[in-house]
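In what follows, a single structure is set out as structure tokens and then discussed.
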Amino acid sequence: MHRKVSLSRTSWLVKLLPLLLFLGACATGAIREKQLTLPVIDGATAIGQEACVECHEGMSAGVHSRLAGFEYMGGTQGCEACHGGGSLHIDSADNGQILKFGELLPEESAAVCAKCHDSGKLIDWTHGEHALSDVGCGDCHTIHGGGKTSLKQQDPELCYSCHKEQQAKASFPSHHPIKEGKMTCGDCHNPHGELQTDEQARDLCLDCHARHQGPFVFEHAPVEEDCNICHDPHGTVASNLLQQNEPFLCLQCHEGHFHALRAGQPVGTIVGGDDPLTAIDSAGVTYTNAHGEEGWQKAFLTRCTTCHSRHHGSDLPSQGAPNPSRWPSAGGSLTR
């Protein structure tokens, strides 16, 4: 009986764990969200869009004007579904008393749009970087514009109007084929949320670069974590979208070896050595780098991928290890 009670308490704790984690994230500010505020016009009532088109004839050509009655949310249809009740607007002498998107705050205009556009890829808007940076729907869309998305400009020109650094990188020697017209910013980014993936950022890269996915017997840790550790997807001066040219990129994490520092000693046998060009194993045997003080210079002129060609992962051990026939245990010498 006691065991059943204990198991029951454990199951409840497991069920409550996601809620506790969520509350903890909210308390620490780990979850960021833009609070939307729906604007209202006090005292205004709906009069029907027939009264609107008497003055605003040119506003009836957009995609919103072609919506059926059941497609509107909140009961109000036509122009007033977005602009609010028009009764006070008609009676005003200064053309006021109406919701004008050019005058609304970003969180107010987004709240109006979110009455209908609140599902699919739009559901994460309040958590996205655009919303958190006070970008409103009207900065990219025109409410009376034609076309399905009513964009003011097309991708990528619209994105480049703000993201100048990414525009410059798109013309670097190594870049994704955006300016060639083979892809757009929207292929990787969801402007209403984050990236175009529900998984890790690397999974988005692997949608196209599937050959690097694995699984591999010998995995490269940065590849398993985030492709952007080594690559800049917007463009680089280095080849293959690398953050930096070889071998300097690799040397940020990996020490130089073989020709660069100590002559290819078996891993795990080195126990000391005062001279950086030599090493001593547990048996007292000294190994010397035959390249001498020029070792680092030779390393800087060598691409790591010349030997480590499968740097994204491999089912074979590293091909950069020295030939075992040259180890002292086999009667050979590691001096080069």
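Naming scheme: A, B, ... for chains in displayed order of the structure tokens; residues 1 onward per chain; ligands 1 onward as shown.
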
Which residues, written as a PDB file with N, CA, C and O atoms, in the first residue's frame, have at least one atom at most 12 Å from Glu157 of chain A, with only C-alpha atoms counted and residues fewer than 6 positions away on the same chain left out?
```
ATOM      1  N   CYS A 140       5.876  46.356 -42.493  1.00  0.00           N
ATOM      2  CA  CYS A 140       6.169  45.461 -43.624  1.00  0.00           C
ATOM      3  C   CYS A 140       4.956  45.264 -44.541  1.00  0.00           C
ATOM      4  O   CYS A 140       5.123  45.007 -45.731  1.00  0.00           O
ATOM      5  N   LEU A 151       2.635  42.663 -48.909  1.00  0.00           N
ATOM      6  CA  LEU A 151       3.930  43.216 -48.531  1.00  0.00           C
ATOM      7  C   LEU A 151       4.188  44.534 -49.243  1.00  0.00           C
ATOM      8  O   LEU A 151       3.799  44.719 -50.399  1.00  0.00           O
ATOM      9  N   HIS A 163      17.878  45.422 -42.463  1.00  0.00           N
ATOM     10  CA  HIS A 163      19.032  44.569 -42.161  1.00  0.00           C
ATOM     11  C   HIS A 163      20.159  44.826 -43.165  1.00  0.00           C
ATOM     12  O   HIS A 163      20.432  44.019 -44.054  1.00  0.00           O
ATOM     13  N   LYS A 164      20.823  45.962 -43.000  1.00  0.00           N
ATOM     14  CA  LYS A 164      21.878  46.377 -43.932  1.00  0.00           C
ATOM     15  C   LYS A 164      23.125  45.497 -43.822  1.00  0.00           C
ATOM     16  O   LYS A 164      23.804  45.242 -44.817  1.00  0.00           O
ATOM     17  N   GLN A 166      23.262  42.299 -43.082  1.00  0.00           N
ATOM     18  CA  GLN A 166      23.016  41.044 -43.786  1.00  0.00           C
ATOM     19  C   GLN A 166      23.001  41.259 -45.302  1.00  0.00           C
ATOM     20  O   GLN A 166      23.413  40.380 -46.063  1.00  0.00           O
ATOM     21  N   GLN A 167      22.560  42.427 -45.733  1.00  0.00           N
ATOM     22  CA  GLN A 167      22.595  42.743 -47.159  1.00  0.00           C
ATOM     23  C   GLN A 167      24.026  42.796 -47.670  1.00  0.00           C
ATOM     24  O   GLN A 167      24.336  42.291 -48.756  1.00  0.00           O
ATOM     25  N   ALA A 170      25.551  39.322 -47.942  1.00  0.00           N
ATOM     26  CA  ALA A 170      25.024  38.544 -49.062  1.00  0.00           C
ATOM     27  C   ALA A 170      25.842  38.738 -50.334  1.00  0.00           C
ATOM     28  O   ALA A 170      25.684  37.979 -51.300  1.00  0.00           O
ATOM     29  N   ILE A 178      21.167  34.181 -52.510  1.00  0.00           N
ATOM     30  CA  ILE A 178      20.002  35.057 -52.409  1.00  0.00           C
ATOM     31  C   ILE A 178      19.989  36.057 -53.568  1.00  0.00           C
ATOM     32  O   ILE A 178      18.972  36.220 -54.247  1.00  0.00           O
ATOM     33  N   LYS A 179      21.109  36.719 -53.791  1.00  0.00           N
ATOM     34  CA  LYS A 179      21.125  37.716 -54.864  1.00  0.00           C
ATOM     35  C   LYS A 179      21.039  37.070 -56.243  1.00  0.00           C
ATOM     36  O   LYS A 179      20.698  37.734 -57.221  1.00  0.00           O
ATOM     37  N   GLY A 181      18.842  34.866 -56.808  1.00  0.00           N
ATOM     38  CA  GLY A 181      17.426  34.579 -56.956  1.00  0.00           C
ATOM     39  C   GLY A 181      17.039  33.136 -56.704  1.00  0.00           C
ATOM     40  O   GLY A 181      15.909  32.738 -56.993  1.00  0.00           O
ATOM     41  N   THR A 184      15.399  32.971 -50.744  1.00  0.00           N
ATOM     42  CA  THR A 184      15.083  34.244 -50.109  1.00  0.00           C
ATOM     43  C   THR A 184      15.321  34.138 -48.607  1.00  0.00           C
ATOM     44  O   THR A 184      15.570  33.047 -48.080  1.00  0.00           O
ATOM     45  N   CYS A 185      15.214  35.252 -47.911  1.00  0.00           N
ATOM     46  CA  CYS A 185      15.367  35.249 -46.454  1.00  0.00           C
ATOM     47  C   CYS A 185      14.312  34.360 -45.798  1.00  0.00           C
ATOM     48  O   CYS A 185      14.569  33.694 -44.795  1.00  0.00           O
ATOM     49  N   GLY A 186      13.111  34.345 -46.396  1.00  0.00           N
ATOM     50  CA  GLY A 186      12.024  33.571 -45.838  1.00  0.00           C
ATOM     51  C   GLY A 186      12.217  32.074 -45.907  1.00  0.00           C
ATOM     52  O   GLY A 186      11.471  31.322 -45.266  1.00  0.00           O
TER      53      GLY A 186
END
```

Would you write out, as CSV, a table of all residues in segment 146-240 of chain A that have an atom no more than 10 Å from an atom of segment 64-87 of chain A, listing for each the closest atom pair and the distance in Å to one decimal, considering only C-alpha atoms and ordering rows by chain and rising residue number?
```
residue,atom,partner,partner_atom,distance
A:Gly146,CA,A:His64,CA,8.7
A:Gly147,CA,A:His64,CA,9.9
A:Lys148,CA,A:His64,CA,9.3
A:Ser150,CA,A:His64,CA,9.6
```

Give me a file of those residues, with all heavy atoms, as a PDB file, in the first residue's frame.
```pdb
ATOM      1  N   GLY A 146      -2.644  44.823 -52.381  1.00  0.00           N
ATOM      2  CA  GLY A 146      -3.065  43.631 -53.098  1.00  0.00           C
ATOM      3  C   GLY A 146      -2.138  42.465 -52.818  1.00  0.00           C
ATOM      4  O   GLY A 146      -1.117  42.598 -52.153  1.00  0.00           O
ATOM      5  N   GLY A 147      -2.484  41.302 -53.337  1.00  0.00           N
ATOM      6  CA  GLY A 147      -1.671  40.115 -53.111  1.00  0.00           C
ATOM      7  C   GLY A 147      -1.999  39.448 -51.795  1.00  0.00           C
ATOM      8  O   GLY A 147      -2.585  40.057 -50.895  1.00  0.00           O
ATOM      9  N   LYS A 148      -1.586  38.189 -51.688  1.00  0.00           N
ATOM     10  CA  LYS A 148      -1.941  37.406 -50.511  1.00  0.00           C
ATOM     11  C   LYS A 148      -1.289  37.923 -49.239  1.00  0.00           C
ATOM     12  O   LYS A 148      -1.891  37.928 -48.156  1.00  0.00           O
ATOM     13  CB  LYS A 148      -1.553  35.946 -50.735  1.00  0.00           C
ATOM     14  CG  LYS A 148      -1.969  35.004 -49.631  1.00  0.00           C
ATOM     15  CD  LYS A 148      -1.621  33.570 -49.961  1.00  0.00           C
ATOM     16  CE  LYS A 148      -2.057  32.630 -48.843  1.00  0.00           C
ATOM     17  NZ  LYS A 148      -1.732  31.221 -49.144  1.00  0.00           N
ATOM     18  N   SER A 150       0.287  41.071 -48.976  1.00  0.00           N
ATOM     19  CA  SER A 150       0.201  42.541 -48.895  1.00  0.00           C
ATOM     20  C   SER A 150       1.502  43.168 -48.431  1.00  0.00           C
ATOM     21  O   SER A 150       1.514  44.109 -47.621  1.00  0.00           O
ATOM     22  CB  SER A 150      -0.944  42.959 -47.960  1.00  0.00           C
ATOM     23  OG  SER A 150      -2.178  42.475 -48.432  1.00  0.00           O
TER      24      SER A 150
END
```

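Taking atom CA of Gly214 of chain A and atom CA of Arg310 of chain A as endpoints, the distance between them is 11.4 Å.
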
Within 7 Å of Thr37 of chain A using only C-alpha atoms, minus same-chain residues under 4 positions, as a ChimeraX atom specification
/A:107-108,111

Produce a file of the selected residues containing N, CA and C atoms, as a PDB file, in the first residue's frame.
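What landed in selection32.pdb:
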```pdb
ATOM      1  N   GLU A 107       2.402  47.587 -30.799  1.00  0.00           N
ATOM      2  CA  GLU A 107       1.619  46.577 -30.085  1.00  0.00           C
ATOM      3  C   GLU A 107       0.120  46.748 -30.314  1.00  0.00           C
ATOM      4  N   GLU A 108      -0.319  47.961 -30.690  1.00  0.00           N
ATOM      5  CA  GLU A 108      -1.737  48.176 -30.979  1.00  0.00           C
ATOM      6  C   GLU A 108      -2.100  47.660 -32.369  1.00  0.00           C
ATOM      7  N   ALA A 111      -2.161  43.961 -32.351  1.00  0.00           N
ATOM      8  CA  ALA A 111      -3.329  43.422 -31.663  1.00  0.00           C
ATOM      9  C   ALA A 111      -4.535  43.384 -32.591  1.00  0.00           C
TER      10      ALA A 111
END
```

Taking the chain letters and numbering used in this document, name the residues of segment 94-230 of chain A that DSSP puts in alpha helix (DSSP H), as a ChimeraX atom specification.
/A:106-114,129-132,157-160,164-169,201-206,221-225

Mind checking DSSP for segment 40-221 of chain A and telling me the strand (DSSP E or B) residues as a list in words?
His141, Leu151, Ser174, His189, Leu195, Phe218 and Glu219 of chain A

One decimal, Å: what's the distance from atom CA of Leu241 of chain A over to atom CA of Ser174 of chain A, could you say?
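That distance, rounded to one decimal, is 5.5 Å.
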
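Atom CA of His127 of chain A is found 6.0 Å from atom CA of Arg32 of chain A.
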